[in-house]
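Dumped coords_3.pdb below, it's PDB, C-alpha atoms:
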ATOM      1  CA  MET A 976      86.177  37.690  88.132
ATOM      2  CA  HIS A 977      86.253  39.158  91.634
ATOM      3  CA  SER A 978      89.515  40.950  90.863
ATOM      4  CA  LEU A 979      88.049  42.454  87.696
ATOM      5  CA  VAL A 980      84.964  43.668  89.574
ATOM      6  CA  TYR A 981      87.168  45.178  92.251
ATOM      7  CA  LEU A 982      89.348  46.900  89.659
ATOM      8  CA  ALA A 983      86.316  48.363  87.891
ATOM      9  CA  PHE A 984      84.922  49.616  91.202
ATOM     10  CA  ALA A 985      88.267  51.156  92.137
ATOM     11  CA  LEU A 986      88.506  52.975  88.816
ATOM     12  CA  LEU A 987      84.942  54.269  89.164
ATOM     13  CA  LEU A 988      85.604  55.453  92.708
ATOM     14  CA  SER A 989      88.813  57.153  91.622
ATOM     15  CA  SER A 990      87.112  59.034  88.788
ATOM     16  CA  THR A 991      84.297  60.042  91.132
ATOM     17  CA  LEU A 992      86.708  61.413  93.704
ATOM     18  CA  VAL A 993      88.580  63.425  91.105
ATOM     19  CA  SER A 994      85.406  64.881  89.658
ATOM     20  CA  THR A 995      84.179  66.189  93.040
ATOM     21  CA  SER A 996      86.995  68.741  93.307
ATOM     22  CA  PRO A 997      88.385  69.489  89.845
ATOM     23  CA  ILE A 998      91.207  71.962  89.340
ATOM     24  CA  THR A 999      89.670  74.435  86.916
ATOM     25  CA  ARG A1000      90.305  77.906  85.564
ATOM     26  CA  ARG A1001      87.533  80.095  86.966
ATOM     27  CA  THR A1002      87.062  83.562  88.385
ATOM     28  CA  LEU A1003      85.080  83.728  91.624
ATOM     29  CA  THR A1004      82.986  86.861  91.936
ATOM     30  CA  GLY A1005      82.955  89.011  95.053
ATOM     31  CA  VAL A1006      85.628  88.941  97.754
ATOM     32  CA  GLN A1007      86.834  85.619  99.179
ATOM     33  CA  THR A1008      87.973  85.373 102.808
ATOM     34  CA  ASP A1009      88.018  81.656 103.710
ATOM     35  CA  CYS A1010      89.948  78.632 102.503
ATOM     36  CA  LYS A1011      88.086  75.373 102.024
ATOM     37  CA  LYS A1012      87.247  73.412 105.153
ATOM     38  CA  GLY A1013      90.216  71.735 106.823
ATOM     39  CA  TYR A1014      92.836  73.772 104.945
ATOM     40  CA  PHE A1015      94.932  76.810 105.783
ATOM     41  CA  ALA A1016      96.789  79.194 103.477
ATOM     42  CA  LEU A1017      99.911  81.032 104.564
ATOM     43  CA  THR A1018     100.068  84.243 102.522
ATOM     44  CA  TYR A1019     102.623  87.039 102.418
ATOM     45  CA  ASP A1020     102.086  90.571 101.097
ATOM     46  CA  ASP A1021     104.168  93.548  99.936
ATOM     47  CA  GLY A1022     107.296  91.769  98.683
ATOM     48  CA  PRO A1023     109.583  90.930  97.203
ATOM     49  CA  TYR A1024     112.191  92.175  99.631
ATOM     50  CA  GLU A1025     115.480  91.124 101.175
ATOM     51  CA  PHE A1026     113.898  88.444 103.399
ATOM     52  CA  THR A1027     111.791  86.756 100.710
ATOM     53  CA  GLU A1028     114.376  84.196  99.594
ATOM     54  CA  GLU A1029     115.128  83.244 103.213
ATOM     55  CA  LEU A1030     111.396  82.654 103.687
ATOM     56  CA  VAL A1031     111.211  80.488 100.578
ATOM     57  CA  ASP A1032     114.047  78.324 101.929
ATOM     58  CA  LYS A1033     112.279  78.001 105.289
ATOM     59  CA  LEU A1034     108.965  77.012 103.735
ATOM     60  CA  ASP A1035     110.627  74.557 101.372
ATOM     61  CA  ALA A1036     112.420  72.901 104.285
ATOM     62  CA  ALA A1037     109.058  72.516 106.032
ATOM     63  CA  GLY A1038     107.424  71.104 102.895
ATOM     64  CA  ILE A1039     104.851  73.919 102.790
ATOM     65  CA  LYS A1040     103.809  75.971  99.777
ATOM     66  CA  ALA A1041     102.637  79.514 100.438
ATOM     67  CA  THR A1042     101.169  82.315  98.355
ATOM     68  CA  PHE A1043     103.076  85.534  97.730
ATOM     69  CA  PHE A1044     100.946  88.573  96.896
ATOM     70  CA  VAL A1045     103.640  90.673  95.258
ATOM     71  CA  ASN A1046     103.949  94.304  94.225
ATOM     72  CA  GLY A1047     105.804  95.663  91.235
ATOM     73  CA  LYS A1048     107.163  98.709  93.008
ATOM     74  CA  ASN A1049     106.818  98.862  96.758
ATOM     75  CA  TRP A1050     109.810  97.887  98.886
ATOM     76  CA  TRP A1051     111.732  96.794  95.775
ATOM     77  CA  ASP A1052     111.131  97.564  92.101
ATOM     78  CA  ILE A1053     110.965  94.370  90.054
ATOM     79  CA  LYS A1054     111.531  96.261  86.797
ATOM     80  CA  THR A1055     114.898  97.704  87.820
ATOM     81  CA  ASP A1056     116.186  95.583  90.722
ATOM     82  CA  SER A1057     117.564  92.168  89.760
ATOM     83  CA  ASN A1058     117.281  91.038  93.395
ATOM     84  CA  ALA A1059     113.541  91.606  93.258
ATOM     85  CA  SER A1060     112.966  89.574  90.107
ATOM     86  CA  ALA A1061     115.313  86.864  91.401
ATOM     87  CA  ALA A1062     113.303  86.536  94.625
ATOM     88  CA  ILE A1063     110.052  86.141  92.698
ATOM     89  CA  GLU A1064     111.645  83.614  90.362
ATOM     90  CA  LYS A1065     112.923  81.588  93.294
ATOM     91  CA  ALA A1066     109.506  81.475  94.945
ATOM     92  CA  TYR A1067     107.787  80.556  91.677
ATOM     93  CA  ASN A1068     110.337  77.904  90.710
ATOM     94  CA  SER A1069     110.018  76.367  94.192
ATOM     95  CA  GLY A1070     106.303  75.805  93.619
ATOM     96  CA  HIS A1071     104.905  78.684  95.626
ATOM     97  CA  GLN A1072     102.010  80.643  94.175
ATOM     98  CA  ILE A1073     102.628  84.146  92.877
ATOM     99  CA  ALA A1074      99.579  86.419  93.081
ATOM    100  CA  SER A1075      98.989  90.129  92.525
ATOM    101  CA  HIS A1076      98.994  92.877  95.138
ATOM    102  CA  THR A1077      98.929  95.632  92.464
ATOM    103  CA  TYR A1078     101.891  97.417  90.931
ATOM    104  CA  SER A1079     102.420 100.246  93.410
ATOM    105  CA  HIS A1080     100.348  99.189  96.465
ATOM    106  CA  ALA A1081      97.674 101.740  95.633
ATOM    107  CA  ASP A1082      94.344 101.937  97.464
ATOM    108  CA  LEU A1083      92.189 100.700  94.599
ATOM    109  CA  ASP A1084      89.014 102.183  96.020
ATOM    110  CA  SER A1085      90.530 105.633  95.441
ATOM    111  CA  LEU A1086      90.944 104.933  91.703
ATOM    112  CA  ASP A1087      88.537 104.754  88.800
ATOM    113  CA  ALA A1088      88.235 101.631  86.636
ATOM    114  CA  ALA A1089      91.045 102.785  84.344
ATOM    115  CA  GLY A1090      93.345 103.333  87.326
ATOM    116  CA  VAL A1091      92.536  99.907  88.766
ATOM    117  CA  THR A1092      93.183  98.323  85.387
ATOM    118  CA  SER A1093      96.541 100.089  85.071
ATOM    119  CA  GLU A1094      97.645  98.878  88.509
ATOM    120  CA  MET A1095      96.884  95.311  87.496
ATOM    121  CA  THR A1096      98.208  95.300  83.941
ATOM    122  CA  ASP A1097     101.461  97.050  84.859
ATOM    123  CA  LEU A1098     102.223  94.264  87.318
ATOM    124  CA  GLU A1099     101.079  91.612  84.845
ATOM    125  CA  ALA A1100     103.624  92.836  82.309
ATOM    126  CA  ALA A1101     106.443  92.775  84.859
ATOM    127  CA  LEU A1102     105.547  89.290  86.102
ATOM    128  CA  GLU A1103     105.187  87.851  82.621
ATOM    129  CA  LYS A1104     108.676  89.138  81.870
ATOM    130  CA  ALA A1105     110.106  87.720  85.120
ATOM    131  CA  ILE A1106     108.368  84.334  85.348
ATOM    132  CA  GLY A1107     106.195  84.039  82.245
ATOM    133  CA  VAL A1108     102.791  83.875  83.950
ATOM    134  CA  LYS A1109      99.821  86.119  84.686
ATOM    135  CA  PRO A1110      98.203  85.645  88.108
ATOM    136  CA  ALA A1111      94.573  84.642  88.493
ATOM    137  CA  PHE A1112      94.332  85.801  92.118
ATOM    138  CA  MET A1113      94.882  89.195  93.717
ATOM    139  CA  ARG A1114      94.690  90.856  97.108
ATOM    140  CA  PRO A1115      93.745  94.537  97.239
ATOM    141  CA  PRO A1116      96.088  96.713  99.329
ATOM    142  CA  TYR A1117      94.635  97.461 102.773
ATOM    143  CA  GLY A1118      91.939  94.912 101.986
ATOM    144  CA  ASN A1119      89.973  97.662 100.247
ATOM    145  CA  SER A1120      87.775  96.485  97.391
ATOM    146  CA  ASN A1121      84.317  97.988  97.127
ATOM    147  CA  SER A1122      81.717  96.643  94.716
ATOM    148  CA  GLY A1123      82.956  98.747  91.793
ATOM    149  CA  THR A1124      86.598  97.828  92.360
ATOM    150  CA  THR A1125      85.741  94.167  92.760
ATOM    151  CA  SER A1126      83.672  94.161  89.585
ATOM    152  CA  THR A1127      86.575  95.661  87.629
ATOM    153  CA  LEU A1128      89.028  93.119  89.063
ATOM    154  CA  ASN A1129      86.690  90.228  88.294
ATOM    155  CA  SER A1130      86.314  91.496  84.714
ATOM    156  CA  LEU A1131      90.108  91.358  84.378
ATOM    157  CA  GLY A1132      90.040  87.677  85.320
ATOM    158  CA  TYR A1133      91.021  88.046  88.963
ATOM    159  CA  THR A1134      89.558  86.332  91.997
ATOM    160  CA  VAL A1135      89.809  88.816  94.871
ATOM    161  CA  VAL A1136      91.053  87.370  98.172
ATOM    162  CA  THR A1137      91.506  88.999 101.560
ATOM    163  CA  TRP A1138      91.903  87.024 104.826
ATOM    164  CA  ASN A1139      90.206  85.789 107.990
ATOM    165  CA  VAL A1140      93.338  85.570 110.177
ATOM    166  CA  ASP A1141      95.291  88.804 110.568
ATOM    167  CA  SER A1142      98.612  88.301 112.356
ATOM    168  CA  LYS A1143      99.063  92.105 112.497
ATOM    169  CA  ASP A1144     102.782  91.547 112.010
ATOM    170  CA  TYR A1145     102.908  95.004 110.444
ATOM    171  CA  GLU A1146     101.729  96.503 113.721
ATOM    172  CA  THR A1147     103.356  94.651 116.602
ATOM    173  CA  HIS A1148     106.493  92.808 115.415
ATOM    174  CA  ASN A1149     105.960  90.912 118.671
ATOM    175  CA  LEU A1150     105.633  87.135 118.532
ATOM    176  CA  ASN A1151     103.341  86.766 121.548
ATOM    177  CA  ASP A1152     100.918  89.369 120.197
ATOM    178  CA  GLU A1153     100.950  87.798 116.738
ATOM    179  CA  LEU A1154     100.234  84.319 118.083
ATOM    180  CA  THR A1155      97.447  85.729 120.234
ATOM    181  CA  ASN A1156      95.903  87.134 117.060
ATOM    182  CA  TYR A1157      96.144  83.690 115.481
ATOM    183  CA  LYS A1158      94.480  82.044 118.464
ATOM    184  CA  ASN A1159      91.707  84.630 118.542
ATOM    185  CA  GLU A1160      90.899  84.443 114.826
ATOM    186  CA  LEU A1161      91.562  80.882 113.649
ATOM    187  CA  GLY A1162      88.514  78.784 114.423
ATOM    188  CA  PRO A1163      88.304  74.997 114.885
ATOM    189  CA  ILE A1164      88.959  72.723 111.948
ATOM    190  CA  THR A1165      85.240  71.928 111.753
ATOM    191  CA  GLY A1166      84.545  75.457 110.482
ATOM    192  CA  PRO A1167      85.739  77.444 107.454
ATOM    193  CA  GLY A1168      89.376  77.090 106.456
ATOM    194  CA  GLY A1169      91.902  79.819 107.218
ATOM    195  CA  ILE A1170      93.675  82.450 105.144
ATOM    196  CA  ALA A1171      96.352  84.311 107.081
ATOM    197  CA  LEU A1172      97.843  87.736 106.421
ATOM    198  CA  GLU A1173     101.593  88.161 106.907
ATOM    199  CA  HIS A1174     104.299  90.222 105.211
ATOM    200  CA  ASP A1175     107.607  88.871 103.933
ATOM    201  CA  VAL A1176     109.124  92.360 104.129
ATOM    202  CA  TYR A1177     109.605  92.003 107.899
ATOM    203  CA  GLN A1178     112.544  90.035 109.285
ATOM    204  CA  GLN A1179     110.675  89.116 112.457
ATOM    205  CA  THR A1180     107.842  87.609 110.416
ATOM    206  CA  VAL A1181     110.247  85.455 108.446
ATOM    207  CA  GLU A1182     112.538  84.396 111.271
ATOM    208  CA  GLU A1183     110.085  84.064 114.190
ATOM    209  CA  LEU A1184     106.412  84.187 113.299
ATOM    210  CA  THR A1185     106.430  81.771 110.375
ATOM    211  CA  ASP A1186     107.850  78.847 112.379
ATOM    212  CA  LYS A1187     105.434  79.341 115.271
ATOM    213  CA  ALA A1188     102.459  79.912 112.987
ATOM    214  CA  ILE A1189     103.177  76.641 111.174
ATOM    215  CA  GLU A1190     103.480  74.832 114.497
ATOM    216  CA  TYR A1191     100.192  76.264 115.777
ATOM    217  CA  VAL A1192      98.218  75.621 112.594
ATOM    218  CA  GLN A1193      99.473  72.049 112.361
ATOM    219  CA  GLY A1194      98.527  71.544 116.008
ATOM    220  CA  MET A1195      94.987  72.624 115.134
ATOM    221  CA  GLY A1196      94.872  69.847 112.543
ATOM    222  CA  TYR A1197      94.812  71.949 109.383
ATOM    223  CA  LYS A1198      96.518  71.030 106.115
ATOM    224  CA  PHE A1199      98.414  73.743 104.264
ATOM    225  CA  ALA A1200      97.345  74.960 100.825
ATOM    226  CA  THR A1201      98.083  77.700  98.365
ATOM    227  CA  ILE A1202      95.298  80.173  97.682
ATOM    228  CA  ALA A1203      94.549  78.477  94.349
ATOM    229  CA  GLU A1204      94.247  75.139  96.137
ATOM    230  CA  CYS A1205      91.802  76.702  98.607
ATOM    231  CA  PHE A1206      89.384  77.134  95.719
ATOM    232  CA  ASN A1207      90.385  74.147  93.549
ATOM    233  CA  SER A1208      91.341  76.624  90.863
ATOM    234  CA  GLN A1209      94.287  77.279  88.575
ATOM    235  CA  PRO A1210      96.718  79.872  89.989
ATOM    236  CA  TYR A1211      97.408  81.589  86.664
ATOM    237  CA  GLN A1212      95.393  82.941  83.743
TER     238      GLN A1212
END
Could you render the structure from this file as structure tokens?
Amino acid sequence: MHSLVYLAFALLLSSTLVSTSPITRRTLTGVQTDCKKGYFALTYDDGPYEFTEELVDKLDAAGIKATFFVNGKNWWDIKTDSNASAAIEKAYNSGHQIASHTYSHADLDSLDAAGVTSEMTDLEAALEKAIGVKPAFMRPPYGNSNSGTTSTLNSLGYTVVTWNVDSKDYETHNLNDELTNYKNELGPITGPGGIALEHDVYQQTVEELTDKAIEYVQGMGYKFATIAECFNSQPYQ
């Protein structure tokens, strides 16, 4: 009898725990900047490029899944360059999240609703051809997403995500400066979770910063998550 009572209690507890943080398909309105408490998302913009596959191997070896906010035509063109589509496929097949960073890295706030829609749907078509999925998350280039832009993106089924930790790897390419930015912007684990901005198009980011960032974040006590996991949401539409 005691064992049956215990089993029933365990099953009830298990179902309760699952129901508190379900993985659902939902679009969050507005612009999101923080991961859930206790978690940290490594994110990389502007790829794919020649260092992307090396980064995937490094992250896989560390047992960490990141989020790649990819472009259709920025450093590489995924419609015409087989290396570009292969890099995205490798990241996706390794369990990393693929998210949108627009087709051409346009400043969306400079476009009307039709222009914003075109930037998103052009990349959708290329990604569906390469990996068979349509992202549910996007990051606007330069972090620019005013209320009109955000409303259009939300209407297309996208949750808009920026960051709260900017490594500024695009600016310094200096490890000490980048780690200082981490230390200045990543708060204690008792506060909001972290979302970091890096770029897989830079060799120094892939070969130096990533290792040290992982070491620092783990030392702070955070657990790593993809952007979708930050919000307990499905990564694709």
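The space between atom CA of Glu1182 of chain A and atom CA of Glu1153 of chain A spans 13.3 Å.
What the PyMOL selection byres ((chain A and resi 1175) around 10) matches in the given file is Thr1018, Tyr1019, Asp1020, Asp1021, Gly1022, Pro1023, Tyr1024, Glu1025, Phe1026, Thr1027, Glu1028, Glu1029, Leu1030, Val1031, Phe1043, Phe1044, Val1045, Asp1144, Glu1173, His1174, Val1176, Tyr1177, Gln1178, Gln1179, Thr1180, Val1181, Glu1182 and Thr1185 of chain A.
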So that each row is one residue of segment 989-1107 of chain A with an atom at most 7 Å from segment 1121-1125 of chain A, can you give its shortest atom pair and the distance in Å to one decimal, using all atoms listed in the file, rows by chain and rising number, as JSON lines?
{"residue": "A:Gly1005", "atom": "CA", "partner": "A:Thr1125", "partner_atom": "CA", "distance": 6.3}
{"residue": "A:Leu1083", "atom": "CA", "partner": "A:Thr1124", "partner_atom": "CA", "distance": 6.7}
{"residue": "A:Asp1084", "atom": "CA", "partner": "A:Thr1124", "partner_atom": "CA", "distance": 6.2}
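The set of residues that the PyMOL selection byres ((chain A and resi 1003) around 10) takes from this file is Arg1000, Arg1001, Thr1002, Thr1004, Gly1005, Val1006, Gln1007, Phe1112, Asn1129, Gly1132, Tyr1133, Thr1134, Val1135, Val1136, Phe1206 and Ser1208 of chain A.
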Subject >> Between atom CA of Ser1060 of chain A and atom CA of Ala1101 of chain A - distance in Å to one decimal >> reply: 9.0 Å
Subject >> All residues 8 Å or closer to Thr1127 of chain A, only C-alpha atoms, same chain fewer than 5 positions away omitted, as a VMD selection string >> reply: chain A and resid 1088 1091 to 1092
Subject >> Interatomic distance (Å, one decimal) between atom CA of Gly1013 of chain A and atom CA of Lys1198 of chain A >> reply: 6.4 Å
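Distances to Asp1141 of chain A were evaluated for A:Gln1209, A:Thr1008, A:Thr999, A:Asn1049 using only C-alpha atoms, and the minimum falls at A:Thr1008.
Nearest to Met1095 of chain A of all the residues A:Gly1047, A:Asn1068, A:Ile1053, A:Gly1169 is A:Gly1047, counting all atoms listed in the file.
You can rank A:Ala1105, A:Leu1086, A:Ala1036, A:Ala1074 by their closest distance to Ser1057 of chain A using all atoms listed in the file, and at the top of that list sits A:Ala1105.
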Enclose segment 1059-1071 of chain A, meaning all of its atoms listed in the file, in a box aligned along x, y and z, pad it by 5 Å on each side, and list the centre and edge lengths in Å to one decimal, as lines of an AutoDock Vina configuration file.
center_x = 110.1
center_y = 83.7
center_z = 92.9
size_x = 20.4
size_y = 25.8
size_z = 15.5
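Shell of Ala1111 of chain A at 6 Å, with all atoms listed in the file counted and residues fewer than 6 places along the chain excluded, is Tyr1133, Pro1210, Tyr1211 and Gln1212 of chain A.
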Original post:
Smallest atom-to-atom distance to Phe1199 of chain A: which of A:Ala1041, A:Lys1033, A:Asn1156, A:Ala1062, using only C-alpha atoms?
Top reply: A:Ala1041
